[in-house]
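Coordinates from structure20.txt are shown below (compact mmCIF, C-alpha atoms).
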# COMPACT_ATOMS: atom_id res chain seq x y z
CA MET A 1 -86.94 66.72 96.52
CA ASN A 2 -84.09 69.18 95.97
CA GLU A 3 -82.03 67.31 98.55
CA ILE A 4 -82.22 64.20 96.38
CA GLU A 5 -82.04 65.98 93.01
CA GLU A 6 -78.73 67.63 93.68
CA PRO A 7 -76.64 64.52 94.34
CA LEU A 8 -78.45 62.78 91.54
CA GLN A 9 -77.39 65.45 89.10
CA TYR A 10 -73.92 65.24 90.50
CA LEU A 11 -73.83 61.45 89.99
CA LEU A 12 -75.17 61.73 86.47
CA ALA A 13 -72.48 64.30 85.68
CA GLN A 14 -69.90 61.94 87.15
CA VAL A 15 -71.27 59.10 85.05
CA GLU A 16 -71.07 61.29 81.95
CA ASN A 17 -67.49 62.24 82.79
CA ARG A 18 -66.51 58.62 83.24
CA GLU A 19 -68.12 57.75 79.95
CA ARG A 20 -66.21 60.50 78.19
CA SER A 21 -62.95 59.46 79.78
CA ALA A 22 -63.72 55.85 78.82
CA ARG A 23 -64.33 56.96 75.23
CA ARG A 24 -61.07 58.93 75.22
CA ARG A 25 -59.27 55.95 76.68
CA ALA A 26 -60.77 53.67 74.06
CA LEU A 27 -59.78 56.16 71.40
CA ILE A 28 -56.25 56.37 72.76
CA TYR A 29 -55.99 52.60 73.22
CA THR A 30 -57.04 52.25 69.61
CA LEU A 31 -54.92 55.03 68.14
CA VAL A 32 -51.75 54.04 70.00
CA PRO A 33 -51.48 50.58 68.40
CA ILE A 34 -52.46 52.16 65.10
CA LEU A 35 -49.68 54.70 65.43
CA VAL A 36 -47.24 52.06 66.61
CA GLY A 37 -48.38 49.81 63.77
CA VAL A 38 -47.99 52.64 61.29
CA ILE A 39 -44.52 53.39 62.62
CA VAL A 40 -43.59 49.70 62.53
CA LEU A 41 -45.01 49.37 59.02
CA ILE A 42 -43.20 52.50 57.83
CA TYR A 43 -40.02 51.27 59.42
CA SER A 44 -40.58 47.82 57.90
CA GLY A 45 -41.28 49.40 54.52
CA TRP A 46 -38.18 51.53 54.85
CA ARG A 47 -36.17 48.51 55.83
CA ILE A 48 -37.69 46.49 53.00
CA GLN A 49 -36.97 49.35 50.63
CA GLN A 50 -33.40 49.45 51.88
CA ASP A 51 -33.23 45.69 51.52
CA ARG A 52 -34.71 46.02 48.06
CA LEU A 53 -32.08 48.56 47.18
CA ALA A 54 -29.50 46.26 48.67
CA LEU A 55 -31.10 43.42 46.76
CA GLU A 56 -30.99 45.48 43.57
CA GLN A 57 -27.38 46.22 44.27
CA MET A 58 -26.79 42.55 44.93
CA ARG A 59 -28.64 41.73 41.71
CA GLU A 60 -26.44 44.17 39.85
CA GLU A 61 -23.44 42.61 41.52
CA HIS A 62 -24.94 39.23 40.66
CA LYS A 63 -25.34 40.38 37.07
CA ALA A 64 -21.78 41.68 37.11
CA LEU A 65 -20.68 38.38 38.58
CA GLN A 66 -22.74 36.54 35.98
CA MET A 67 -21.07 38.65 33.31
CA ASP A 68 -17.76 37.84 34.91
CA VAL A 69 -18.77 34.18 34.95
CA GLU A 70 -19.83 34.42 31.31
CA ASP A 71 -16.56 36.13 30.53
CA MET A 72 -14.72 33.44 32.42
CA LYS A 73 -16.78 30.80 30.59
CA GLN A 74 -15.80 32.37 27.29
CA ARG A 75 -12.22 32.51 28.45
CA LEU A 76 -12.50 28.92 29.58
CA GLU A 77 -13.95 28.00 26.18
CA ILE A 78 -11.13 29.88 24.49
CA THR A 79 -8.68 28.18 26.82
CA ALA A 80 -10.38 24.84 26.12
CA ASP A 81 -10.11 25.55 22.39
CA GLN A 82 -6.50 26.50 22.84
CA LEU A 83 -6.01 23.35 24.89
CA ASP A 84 -7.69 21.36 22.12
CA LEU A 85 -5.40 23.01 19.61
CA THR A 86 -2.43 22.34 21.85
CA LEU A 87 -3.61 18.77 22.32
CA ASN A 88 -3.99 18.37 18.57
CA ALA A 89 -0.55 19.89 18.10
CA LEU A 90 0.79 17.51 20.73
CA GLU A 91 -0.90 14.56 19.03
CA PHE A 92 0.53 15.74 15.71
CA ALA A 93 3.94 16.14 17.31
CA TYR A 94 3.55 12.70 18.89
CA ILE A 95 2.68 11.24 15.49
CA GLN A 96 5.68 13.04 14.00
CA VAL A 97 7.85 11.69 16.79
CA GLU A 98 6.45 8.21 16.10
CA GLU A 99 7.14 8.65 12.42
CA SER A 100 10.57 10.01 13.20
CA GLN A 101 11.21 7.03 15.46
CA GLN A 102 10.00 4.70 12.70
CA THR A 103 12.20 6.55 10.22
CA LEU A 104 15.06 6.36 12.69
CA ARG A 105 14.46 2.63 13.16
CA ARG A 106 14.29 2.28 9.37
CA TYR A 107 17.52 4.21 9.04
CA GLU A 108 19.05 2.10 11.79
CA ASN A 109 17.97 -1.03 9.93
CA GLN A 110 19.34 0.43 6.72
CA LEU A 111 22.51 1.35 8.58
CA ALA A 112 22.75 -2.20 9.94
CA GLU A 113 22.10 -3.54 6.45
CA ALA A 114 24.67 -1.09 5.09
CA ARG A 115 27.13 -2.23 7.76
CA GLN A 116 26.37 -5.82 6.87
CA THR A 117 26.74 -4.95 3.19
CA LEU A 118 29.95 -3.10 4.04
CA GLU A 119 31.21 -6.14 5.91
CA THR A 120 30.19 -8.31 2.94
CA LEU A 121 31.84 -5.84 0.60
CA GLU A 122 34.90 -5.79 2.82
CA ALA A 123 34.92 -9.59 2.74
CA GLN A 124 34.39 -9.43 -1.02
CA SER A 125 37.09 -6.78 -1.19
CA GLU A 126 39.35 -9.09 0.75
CA GLY A 127 38.44 -11.83 -1.74
CA TYR A 128 39.02 -9.44 -4.61
CA ARG A 129 42.30 -8.40 -3.01
CA GLN A 130 43.26 -12.03 -2.78
CA GLN A 131 42.09 -12.52 -6.35
CA ILE A 132 44.08 -9.45 -7.34
CA GLU A 133 47.10 -10.86 -5.55
CA ALA A 134 46.51 -14.20 -7.29
CA LEU A 135 46.01 -12.36 -10.56
CA GLN A 136 49.13 -10.33 -9.84
CA LEU A 137 50.94 -13.60 -9.21
CA GLN A 138 49.45 -14.96 -12.43
CA LEU A 139 50.40 -11.72 -14.11
CA ALA A 140 53.90 -12.08 -12.73
CA ASP A 141 53.97 -15.67 -14.00
CA MET A 142 52.60 -14.50 -17.32
CA ASN A 143 55.16 -11.74 -17.41
CA GLU A 144 57.79 -14.33 -16.64
CA ALA A 145 56.34 -16.55 -19.36
CA LEU A 146 56.20 -13.55 -21.65
CA GLU A 147 59.77 -12.73 -20.86
CA GLN A 148 60.65 -16.34 -21.53
CA ALA A 149 58.63 -16.21 -24.74
CA GLU A 150 60.32 -13.00 -25.71
CA ALA A 151 63.64 -14.62 -24.89
CA ALA A 152 62.57 -17.68 -26.81
CA LEU A 153 61.51 -15.43 -29.67
CA ARG A 154 64.83 -13.81 -29.57
CA GLU A 155 66.33 -17.23 -29.50
CA ALA A 156 64.06 -18.50 -32.24
CA THR A 157 65.74 -16.26 -34.69
CA THR A 158 68.92 -17.82 -33.43
CA PHE A 159 67.34 -21.31 -33.31
CA GLN A 160 66.59 -21.17 -37.01
CA ARG A 161 70.27 -21.28 -37.61
CA TYR A 162 70.57 -24.33 -35.32
CA GLU A 163 67.54 -26.24 -36.63
CA TYR A 164 68.30 -29.80 -37.75
CA GLN A 165 68.86 -29.67 -41.53
CA GLY A 166 69.14 -33.38 -42.26
CA ASP A 167 66.56 -35.75 -43.75
CA LEU A 168 64.11 -36.31 -40.96
CA ASP A 169 62.56 -39.51 -42.37
CA GLN A 170 65.98 -41.06 -42.89
CA ALA A 171 66.99 -40.07 -39.43
CA ILE A 172 63.86 -41.66 -37.96
CA LYS A 173 64.40 -44.86 -39.92
CA TYR A 174 68.00 -44.97 -38.82
CA VAL A 175 67.16 -44.53 -35.17
CA ALA A 176 64.24 -47.00 -35.38
CA SER A 177 66.54 -49.55 -37.09
CA PHE A 178 69.48 -49.39 -34.75
CA TYR A 179 67.76 -48.16 -31.56
CA PRO A 180 64.18 -49.51 -31.67
CA SER A 181 63.13 -48.32 -28.25
CA GLN A 182 64.65 -44.87 -28.78
CA GLY A 183 63.05 -44.85 -32.27
CA GLU A 184 59.65 -45.57 -30.69
CA LEU A 185 60.17 -42.61 -28.35
CA LEU A 186 61.23 -40.32 -31.25
CA ILE A 187 58.18 -41.33 -33.28
CA ALA A 188 55.94 -40.71 -30.29
CA ILE A 189 57.41 -37.19 -29.91
CA LEU A 190 57.29 -36.23 -33.58
CA HIS A 191 54.12 -37.97 -34.74
CA GLY A 192 52.15 -38.37 -31.54
CA LEU A 193 52.82 -34.95 -30.03
CA GLY A 194 53.99 -33.00 -33.06
CA ASP A 195 51.02 -30.65 -32.95
CA ALA A 196 51.15 -30.04 -29.19
CA ASP A 197 50.97 -26.40 -27.95
CA TRP A 198 53.39 -24.62 -25.68
CA ALA A 199 52.21 -24.04 -22.13
CA TYR A 200 54.34 -22.90 -19.29
CA ARG A 201 54.54 -25.73 -16.73
CA GLY A 202 52.16 -27.82 -18.85
CA THR A 203 52.42 -31.63 -18.62
CA SER A 204 49.48 -32.90 -20.71
CA PRO A 205 48.32 -32.68 -24.32
CA GLY A 206 45.14 -30.90 -23.22
CA ASP A 207 46.95 -28.11 -21.35
CA GLY A 208 50.00 -28.05 -23.52
CA PHE A 209 53.62 -28.61 -22.59
CA ASP A 210 56.75 -26.79 -21.74
CA SER A 211 60.06 -28.47 -22.54
CA PRO A 212 60.60 -30.48 -19.30
CA GLY A 213 56.83 -31.17 -19.18
CA LEU A 214 56.83 -32.90 -22.57
CA ALA A 215 59.97 -34.89 -21.59
CA ALA A 216 58.31 -36.02 -18.34
CA TYR A 217 55.06 -36.91 -20.16
CA VAL A 218 56.87 -39.02 -22.80
CA LEU A 219 59.02 -40.77 -20.21
CA GLU A 220 55.94 -41.68 -18.20
CA ARG A 221 53.89 -42.75 -21.26
CA CYS A 222 56.71 -44.88 -22.62
CA GLY A 223 57.08 -46.63 -19.27
CA LEU A 224 60.66 -45.42 -18.74
CA VAL A 225 60.02 -43.58 -15.46
CA GLU A 226 57.36 -44.24 -12.86
CA GLY A 227 55.20 -41.42 -11.47
CA THR A 228 52.95 -38.71 -12.75
CA PRO A 229 54.27 -36.31 -15.38
CA THR A 230 54.04 -33.41 -12.90
CA TYR A 231 56.06 -35.34 -10.35
CA ILE A 232 58.61 -36.47 -12.91
CA ARG A 233 58.92 -32.89 -14.23
CA GLY A 234 59.68 -31.55 -10.74
CA PHE A 235 62.21 -34.21 -9.77
CA LEU A 236 64.05 -35.07 -13.00
CA SER A 237 67.43 -34.38 -11.46
CA GLU A 238 66.66 -36.73 -8.55
CA ILE A 239 65.06 -39.47 -10.65
CA LEU A 240 67.52 -39.68 -13.55
CA PRO A 241 71.30 -40.26 -13.23
CA ILE A 242 73.58 -37.52 -14.62
CA VAL A 243 76.26 -38.46 -17.15
CA ASN A 244 79.05 -36.64 -18.95
CA GLU A 245 78.66 -38.16 -22.41
CA PRO A 246 75.21 -38.66 -23.99
CA GLN A 247 73.95 -41.82 -25.64
CA VAL A 248 71.04 -42.15 -28.10
CA GLY A 249 67.81 -41.53 -26.20
CA ASP A 250 69.40 -39.63 -23.27
CA LEU A 251 67.89 -36.37 -22.01
CA VAL A 252 69.95 -33.20 -22.36
CA ARG A 253 69.23 -30.09 -20.30
CA TYR A 254 70.32 -26.84 -21.89
CA GLN A 255 71.04 -23.53 -20.19
CA MET A 256 67.66 -21.87 -20.90
CA GLY A 257 65.71 -24.82 -19.45
CA TYR A 258 65.22 -26.83 -22.61
CA HIS A 259 65.04 -30.58 -22.08
CA MET A 260 65.72 -32.37 -25.37
CA PHE A 261 66.22 -36.06 -26.24
CA TYR A 262 69.53 -36.88 -27.85
CA PHE A 263 69.72 -38.86 -31.19
CA LEU A 264 72.14 -39.66 -34.04
CA ASP A 265 71.23 -39.76 -37.73
CA GLU A 266 72.58 -42.15 -40.39
CA GLY A 267 75.54 -39.81 -41.02
CA GLY A 268 76.48 -39.80 -37.31
CA GLN A 269 75.31 -36.20 -36.85
CA PRO A 270 73.87 -35.72 -33.40
CA PHE A 271 70.52 -33.88 -33.08
CA VAL A 272 68.03 -33.29 -30.30
CA ALA A 273 64.21 -33.30 -30.28
CA GLY A 274 61.85 -31.76 -27.79
CA MET A 275 59.32 -29.04 -26.94
CA THR A 276 60.07 -25.38 -27.64
CA PRO A 277 57.84 -22.30 -27.49
CA PHE A 278 57.43 -22.78 -31.24
CA GLY A 279 56.26 -26.38 -30.98
CA VAL A 280 58.06 -29.69 -31.21
CA LEU A 281 61.31 -29.08 -33.04
CA LEU A 282 64.59 -30.78 -33.89
CA PHE A 283 67.87 -28.97 -33.35
CA ARG A 284 71.48 -29.55 -33.72
CA TYR A 285 73.05 -30.95 -30.63
CA ASP A 286 75.04 -27.74 -30.02
CA PHE A 287 72.19 -25.29 -30.49
CA ALA A 288 72.69 -24.05 -26.94
CA GLN A 289 74.98 -24.39 -23.98
CA ILE A 290 74.51 -27.74 -22.24
CA GLU A 291 73.94 -27.76 -18.53
CA ARG A 292 73.74 -31.46 -17.80
CA MET A 293 72.77 -34.79 -19.29
CA TYR A 294 70.54 -37.51 -17.87
CA ARG A 295 70.95 -41.14 -18.65
CA ILE A 296 67.80 -43.04 -19.58
CA GLU A 297 67.84 -46.81 -19.50
CA TYR A 298 65.87 -48.25 -22.43
CA PRO A 299 64.67 -51.82 -22.56
CA THR A 300 64.87 -53.63 -25.90
CA GLN A 301 61.23 -52.94 -26.67
CA ILE A 302 58.90 -50.21 -25.44
CA THR A 303 55.44 -48.97 -26.35
CA CYS A 304 54.60 -45.31 -26.08
CA ASP A 305 50.90 -44.60 -25.52
CA VAL A 306 50.65 -40.90 -26.10
CA ASP A 307 47.44 -38.89 -26.64
CA SER A 308 47.73 -36.70 -29.63
CA MET B 1 -88.90 56.72 94.25
CA LEU B 2 -89.49 58.84 91.25
CA ALA B 3 -85.91 60.06 91.51
CA ASN B 4 -84.65 56.49 91.21
CA GLU B 5 -86.63 55.93 88.08
CA GLN B 6 -85.32 59.13 86.55
CA LEU B 7 -81.82 58.11 87.55
CA LEU B 8 -82.19 54.70 85.92
CA ASP B 9 -83.58 56.25 82.78
CA GLN B 10 -80.62 58.59 82.62
CA MET B 11 -78.24 55.68 83.17
CA ILE B 12 -79.95 53.56 80.51
CA VAL B 13 -79.81 56.47 78.07
CA SER B 14 -76.17 57.02 78.91
CA GLN B 15 -75.31 53.36 78.39
CA GLN B 16 -77.22 53.25 75.07
CA ARG B 17 -75.39 56.39 73.91
CA ALA B 18 -72.07 54.77 74.80
CA ILE B 19 -73.07 51.63 72.91
CA ARG B 20 -73.90 53.73 69.83
CA TYR B 21 -70.56 55.54 70.16
CA TYR B 22 -68.55 52.30 70.37
CA LEU B 23 -70.55 50.79 67.52
CA LEU B 24 -69.82 53.82 65.35
CA PHE B 25 -66.20 53.76 66.45
CA ALA B 26 -65.85 50.05 65.62
CA GLY B 27 -67.67 50.52 62.35
CA GLY B 28 -65.44 53.48 61.55
CA LEU B 29 -62.33 51.42 62.23
CA ILE B 30 -63.58 48.59 60.01
CA ALA B 31 -64.50 51.07 57.30
CA VAL B 32 -61.13 52.81 57.50
CA GLY B 33 -59.30 49.44 57.36
CA LEU B 34 -61.35 48.23 54.42
CA LEU B 35 -60.96 51.59 52.71
CA ILE B 36 -57.16 51.38 53.07
CA VAL B 37 -57.14 47.82 51.72
CA ILE B 38 -59.38 48.69 48.79
CA LEU B 39 -57.46 51.87 47.98
CA VAL B 40 -54.13 50.11 48.12
CA TYR B 41 -55.19 47.15 46.00
CA THR B 42 -57.31 49.02 43.47
CA LEU B 43 -56.79 52.72 43.08
CA ALA B 44 -53.23 53.34 44.32
CA GLY B 45 -51.98 49.86 43.46
CA SER B 46 -50.11 51.00 40.40
CA LEU B 47 -48.46 53.93 42.24
CA LEU B 48 -47.03 52.04 45.18
CA PRO B 49 -44.37 49.35 45.07
CA ASP B 50 -45.49 45.83 45.90
CA VAL B 51 -43.89 45.89 49.31
CA PHE B 52 -45.80 48.95 50.43
CA LYS B 53 -48.97 47.58 48.91
CA HIS B 54 -48.75 44.43 50.98
CA LEU B 55 -47.75 46.35 54.08
CA ALA B 56 -50.61 48.80 53.63
CA GLY B 57 -53.00 45.89 53.17
CA LEU B 58 -51.64 44.39 56.35
CA GLY B 59 -52.08 47.71 58.14
CA GLY B 60 -55.69 47.97 56.93
CA GLY B 61 -56.41 44.54 58.24
CA PHE B 62 -54.77 45.44 61.53
CA ILE B 63 -56.86 48.60 61.87
CA SER B 64 -60.01 46.67 61.11
CA SER B 65 -59.07 44.07 63.71
CA LEU B 66 -58.81 46.82 66.33
CA SER B 67 -62.60 47.14 66.13
CA ALA B 68 -62.74 43.91 68.10
CA LEU B 69 -61.53 45.85 71.15
CA GLN B 70 -64.81 47.85 71.16
CA ILE B 71 -66.92 44.72 71.37
CA LYS B 72 -65.96 44.27 75.02
CA GLU B 73 -67.05 47.81 75.83
CA ILE B 74 -70.31 47.31 73.94
CA LEU B 75 -71.05 44.07 75.78
CA VAL B 76 -70.32 45.65 79.17
CA ARG B 77 -72.58 48.57 78.29
CA LYS B 78 -75.28 46.24 77.11
CA GLU B 79 -75.19 44.23 80.33
CA LYS B 80 -75.38 47.41 82.36
CA ALA B 81 -78.25 48.72 80.28
CA GLU B 82 -80.15 45.44 80.66
CA MET B 83 -79.46 45.48 84.40
CA PHE B 84 -80.75 49.04 84.64
CA THR B 85 -83.79 48.07 82.60
CA THR B 86 -84.49 45.14 84.94
CA LEU B 87 -84.12 47.36 87.99
CA LYS B 88 -86.38 49.91 86.40
CA SER B 89 -89.08 47.29 85.76
CA ARG B 90 -88.84 46.04 89.35
CA LEU B 91 -89.02 49.57 90.63
CA ALA B 92 -92.06 50.20 88.46
CA GLN B 93 -93.80 47.06 89.79
CA PHE B 94 -93.09 48.23 93.33
CA ASN B 95 -94.43 51.69 92.60
CA GLN B 96 -97.62 50.26 91.05
CA GLY B 97 -98.22 48.28 94.26
CA GLN B 98 -97.74 44.87 92.83
CA MET B 99 -94.97 44.34 95.45
CA SER B 100 -95.36 45.54 99.06
CA ASP B 101 -92.23 44.29 100.74
CA GLU B 102 -90.57 47.40 102.27
CA GLU B 103 -87.40 45.56 103.07
CA LEU B 104 -87.00 44.42 99.43
CA ASN B 105 -87.79 47.94 98.23
CA ARG B 106 -85.14 49.36 100.47
CA ARG B 107 -82.59 46.84 99.30
CA ILE B 108 -83.34 47.57 95.61
CA ASP B 109 -82.98 51.23 96.38
CA GLU B 110 -79.58 50.64 97.97
CA LEU B 111 -78.51 48.41 95.06
CA ILE B 112 -79.43 51.11 92.55
CA TRP B 113 -77.44 53.68 94.41
CA LYS B 114 -74.47 51.33 94.75
CA ILE B 115 -74.51 50.63 91.01
CA VAL B 116 -74.83 54.29 90.22
CA GLU B 117 -72.01 55.11 92.60
CA LYS B 118 -69.85 52.42 91.13
CA THR B 119 -70.67 53.58 87.65
CA ALA B 120 -70.06 57.18 88.50
CA LEU B 121 -66.99 56.83 90.74
CA GLY B 122 -65.46 53.67 89.43
As structure tokens:
Amino acid sequence: MNEIEEPLQYLLAQVENRERSARRRALIYTLVPILVGVIVLIYSGWRIQQDRLALEQMREEHKALQMDVEDMKQRLEITADQLDLTLNALEFAYIQVEESQQTLRRYENQLAEARQTLETLEAQSEGYRQQIEALQLQLADMNEALEQAEAALREATTFQRYEYQGDLDQAIKYVASFYPSQGELLIAILHGLGDADWAYRGTSPGDGFDSPGLAAYVLERCGLVEGTPTYIRGFLSEILPIVNEPQVGDLVRYQMGYHMFYFLDEGGQPFVAGMTPFGVLLFRYDFAQIERMYRIEYPTQITCDVDS
Amino acid sequence: MLANEQLLDQMIVSQQRAIRYYLLFAGGLIAVGLLIVILVYTLAGSLLPDVFKHLAGLGGGFISSLSALQIKEILVRKEKAEMFTTLKSRLAQFNQGQMSDEELNRRIDELIWKIVEKTALG
């Protein structure tokens, strides 16, 4: 029995040893992954913590960046406001430029109008200059007429001494009796045109007469010379023949331009009648120096149609 | 033959003791894992950061899952214990004279010793 018991005990002890080693192995196999897991978890936690710290840092950086972005947004808004202001200023400046351009165009139009007005004024000035020249010519003529009038006035005082002193009615009757045509002309001068006014170069009752003008008018109206009074007045020396001795009814030209008709009264005293600056007057034949004498051919009967 | 029965009894007792050990070990692992999870999520939850809380919970679950490794050992021990119990019942039937085949008895005897040797020596 002891021979069997001894190896049996030995086997049981071996079995117990194997069981113990199996338990230790199981314990180790269990603890090793636990330890590894714990290490891995700690390392993971450490890494996560580090990542969290990094994340916090990144969040802070993100916040800083967000603040920067906000700051930039504010700056952008300020810049946008400034841009708006600048844009408004530009629009205002553009409007001012537009207004200035309109004003400039208006001024240009006004300038063009002013130029046109200036041209018109220049044309008017030219017209006025011409008018002034014409007026100056008229003034010169008037001065000439005035000088003549003054001369005539001076002469008038002299003329009074040479005025015909005979009986005018008798003289007219005498002329009309012996020289009917010449008498008709004398009556036309004294009665028809006795109230005529003096006018330098005048040839009609409406305008008045100067001395050759009245002579030309009477000659034309009495049918003694053909042509208009103005024409006759300008060409008396070409129309009428010049003679040395006057006859009744001839035209005498004196030195100061007087053109007077020559007559004789009943006493044989010669006298002349014609236009003077003082109206129609009768003078003695020698009241002034004679320049020339024109012969006028009278028919036996004439009719003088003068407008009074 | 009495020695074989004693040997089988010792082996059965040994296997049952190992089963109890592994059961306790597995239960301890589960308890430790659950304890870690409960502690982390209830009592120490406010002291630890969230990351460590989740990691500790994960570790508790991992520790609890390690108890599954003991199941294999328990099953092996159970099979061996059942085998020893079967051999013991056969040996008892032979000893009570219900079986008289010497050759079969000898072969059972050899099988017992082989199993014991394998168990003891590996």
Discussion item. Can you tell me which residues surround Ile30 of chain B at a distance of at most 9 Å, considering only C-alpha atoms, apart from same-chain residues fewer than 4 positions away, and format the answer as a list in words?
Written reply: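 Near Ile30 of chain B, the qualifying residues are Phe25, Ala26, Leu34, Leu35, Gly60, Gly61, Ile63, Ser64, Ser65, Leu66 and Ser67 of chain B.
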Item to complete: Choose the residue, out of A:Phe283, A:Val36, A:Arg24, A:Leu41, that has the smallest atom-to-atom separation from chain B; count only C-alpha atoms.
Response: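 Residue with the minimum atom-to-atom distance to chain B: A:Leu41.
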Practice prompt. Name all residues at most 6 Å from segment 5-18 of chain B (count only C-alpha atoms; drop same-chain ones fewer than 3 positions away) and give them as a list of chain:residue names.
Written response: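 Returned residues: B:Leu2, B:Tyr21, B:Arg77, B:Ala81, B:Phe84.
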Discussion item. Please report the interatomic distance between atom CA of Ala56 of chain B and atom CA of Ile38 of chain B in Å with one decimal.
Written reply: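 If I compute the distance from atom CA of Ala56 of chain B to atom CA of Ile38 of chain B, I get 10.0 Å.
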Item to complete: Considering only C-alpha atoms, extract the chain A residues located within 9 Å of chain B and return them as a PyMOL selection string.
Response: chain A and resi 1+4-5+8-9+11-20+23+26-27+29-30+33-34+37-38+41-42+44-45+48-49
